[in-house]
Amino acid sequence: MFRHHDTAPDTITEALRMVSVRKAYGHPEGEVTALDRVSLSLPAGSFTAVMGPSGSGKSTLIECAAGLDTPDTGVVVVDGAQVAGRGEEELAKFRRQRIGSIFQQFDLVETETVLANVTLPLRTAGKRVDTSYAEHIATQAGLGGRLHHLLAELSDSERQRVAIARALVANPSVIFGDEPTGGLDPDSARNVLELLSHSVRQFGQSVVLATHDPVAASYADSVVFMADGKLAGCLHQPTPAAVAEQMAYLGDLSLIMDARSRDRALVSV
Ligand SMILES: Nc1ncnc2c1ncn2[C@@H]1O[C@H](COP(=O)(O)OP(=O)(O)OP(=O)(O)O)[C@@H](O)[C@H]1O
């Protein structure tokens, strides 16, 4: 499978590296530290789920990693290249070449067909469109009967699957998602997770997803847990039961934890 790199692929061993990443938001009641000096290393070719209680910083982590938000301080390296510090145009190009994003705000074109939406990133990047591959990916995402339907005719769940197919079709090195299966029925969610798993196993892509769902997280090789903007451990080869247990613990822990006792070291998954 053809993949674009501007660094030699052989030298890239990490999908994502974050070093001491901090991000705070101003609030009338005071500043909220969404990411508190997070350091993290995820290997290339891995599937990682990011979990934690509501407000623990999962979305902020994914957005900073995907170049959709800018950390206040710290370093973010995706697929061997620094994300922060690039100009807007260069960042957009980098994201088109290396990153696939699946976020709740799907950013789809209502007046275009499913297939046109799925191939949009390729066309925007001036890349050749392999229509049969795009059809295959869209079909795998459960859109086989909808390829030539306009977006305006689709349900929310179908739109979500279009966003997922669109993220996969350009063969990005790293795919970031925020609750990509939230709102999907169990069968559609399973199809999407199997598709993402397949892209990791077969094509060596990397997937990093924020999710609340222990079953979705169990598709990952590892789960990274967050609490109060900090990393709070990780679990390898997760089962839904083990993930749910850890989440229950974090739910309690986040009420009583002493932020100063959190590990600030680089967590390698
Ligand atoms: N744009 C923003 N403006 C102000 N505060 C924000 C913003 N985005 C996030 N926050 C705050 O930062 C903290 C972390 O938010 P974040 O959305 O990253 O958490 P999360 O773990 O993804 O939560 P959830 O599971 O509820 O989506 C929260 O306290 C949130 O209120």
# chains A, B, ... in the order shown; residues from 1 in each chain; ligands from 1
>>> select_by_dssp(residues="stretch 154-183 of chain A", states="strand (DSSP E or B)", output="list in words")
Val174, Ile175, Phe176, Gly177 and Asp178 of chain A
>>> residues_near_ligand(ligand="ligand 1", cutoff="7 Å", atoms="only C-alpha atoms and all ligand atoms", output="PyMOL selection string")
chain A and resi 25-27+32-34+52-61+212+229
>>> write_last_selection(atoms="N, CA and C atoms", output="CSV table (one decimal), in the first residue's frame")
chain,number,residue,atom,x,y,z
A,25,TYR,N,-7.3,26.2,29.7
A,25,TYR,CA,-8.4,27.1,29.2
A,25,TYR,C,-8.8,28.1,30.2
A,26,GLY,N,-9.0,29.3,29.8
A,26,GLY,CA,-9.5,30.3,30.7
A,26,GLY,C,-11.0,30.1,31.0
A,27,HIS,N,-11.4,30.2,32.2
A,27,HIS,CA,-12.8,30.1,32.6
A,27,HIS,C,-13.1,31.3,33.6
A,32,VAL,N,-8.7,26.3,33.8
A,32,VAL,CA,-8.8,24.8,33.8
A,32,VAL,C,-7.6,24.2,33.1
A,33,THR,N,-6.9,23.4,33.8
A,33,THR,CA,-5.7,22.7,33.1
A,33,THR,C,-6.2,21.4,32.5
A,34,ALA,N,-6.4,21.4,31.2
A,34,ALA,CA,-7.0,20.3,30.5
A,34,ALA,C,-5.9,19.2,30.3
A,52,GLY,N,-10.9,7.9,30.3
A,52,GLY,CA,-10.9,8.6,31.5
A,52,GLY,C,-12.2,9.2,31.8
A,53,PRO,N,-12.4,9.7,33.0
A,53,PRO,CA,-13.7,10.3,33.4
A,53,PRO,C,-14.0,11.5,32.5
A,54,SER,N,-15.2,12.0,32.5
A,54,SER,CA,-15.6,13.2,31.7
A,54,SER,C,-14.7,14.4,32.3
A,55,GLY,N,-14.2,15.1,31.3
A,55,GLY,CA,-13.4,16.3,31.7
A,55,GLY,C,-11.9,16.0,32.1
A,56,SER,N,-11.5,14.7,31.9
A,56,SER,CA,-10.2,14.3,32.2
A,56,SER,C,-9.1,14.8,31.2
A,57,GLY,N,-9.6,15.2,30.0
A,57,GLY,CA,-8.6,15.8,29.1
A,57,GLY,C,-8.4,14.9,27.8
A,58,LYS,N,-9.3,13.9,27.6
A,58,LYS,CA,-9.1,13.0,26.5
A,58,LYS,C,-9.2,13.8,25.1
A,59,SER,N,-10.3,14.6,25.0
A,59,SER,CA,-10.4,15.3,23.7
A,59,SER,C,-9.3,16.3,23.5
A,60,THR,N,-8.9,16.9,24.5
A,60,THR,CA,-7.8,17.9,24.4
A,60,THR,C,-6.5,17.2,23.9
A,61,LEU,N,-6.3,16.0,24.5
A,61,LEU,CA,-5.1,15.3,24.1
A,61,LEU,C,-5.2,14.9,22.6
A,212,HIS,N,-15.4,6.5,25.6
A,212,HIS,CA,-15.9,6.2,27.0
A,212,HIS,C,-16.3,4.7,27.1
A,229,GLY,N,-6.5,15.7,33.7
A,229,GLY,CA,-5.5,16.2,32.8
A,229,GLY,C,-4.1,15.5,32.8
>>> atom_distance(atom1="atom CA of A:Val19", atom2="atom CA of A:Asp221")
21.7 Å
>>> closest_residue(among="A:Ala141, A:Thr239, A:Leu115, A:Ala24", to="A:Glu194", atoms="only C-alpha atoms")
A:Ala141
>>> closest_residue(among="A:Arg17, A:His148, A:Arg166, A:Arg37", to="A:Val83", atoms="only C-alpha atoms")
A:Arg17
>>> closest_residue(among="A:Leu42, A:Ala49, A:Met247, A:Leu108", to="A:Val208", atoms="only C-alpha atoms")
A:Ala49
>>> closest_atom_pairs(of="stretch 143-195 of chain A", to="stretch 124-130 of chain A", cutoff="12 Å", atoms="only C-alpha atoms", output="CSV")
residue,atom,partner,partner_atom,distance
A:Val169,CA,A:Asp130,CA,9.2
A:Ala170,CA,A:Lys127,CA,8.8
A:Asn171,CA,A:Lys127,CA,11.6
>>> closest_residue(among="A:Ala81, A:Leu195, A:Leu150, A:Ala167", to="A:Pro121", atoms="only C-alpha atoms")
A:Ala167
>>> closest_residue(among="A:Glu14, A:Glu63, A:Glu29, A:Asp36", to="A:Val78", atoms="only C-alpha atoms")
A:Glu14
>>> closest_residue(among="A:Gly80, A:Leu193, A:Leu68, A:Gln97", to="A:Thr48", atoms="only C-alpha atoms")
A:Leu193
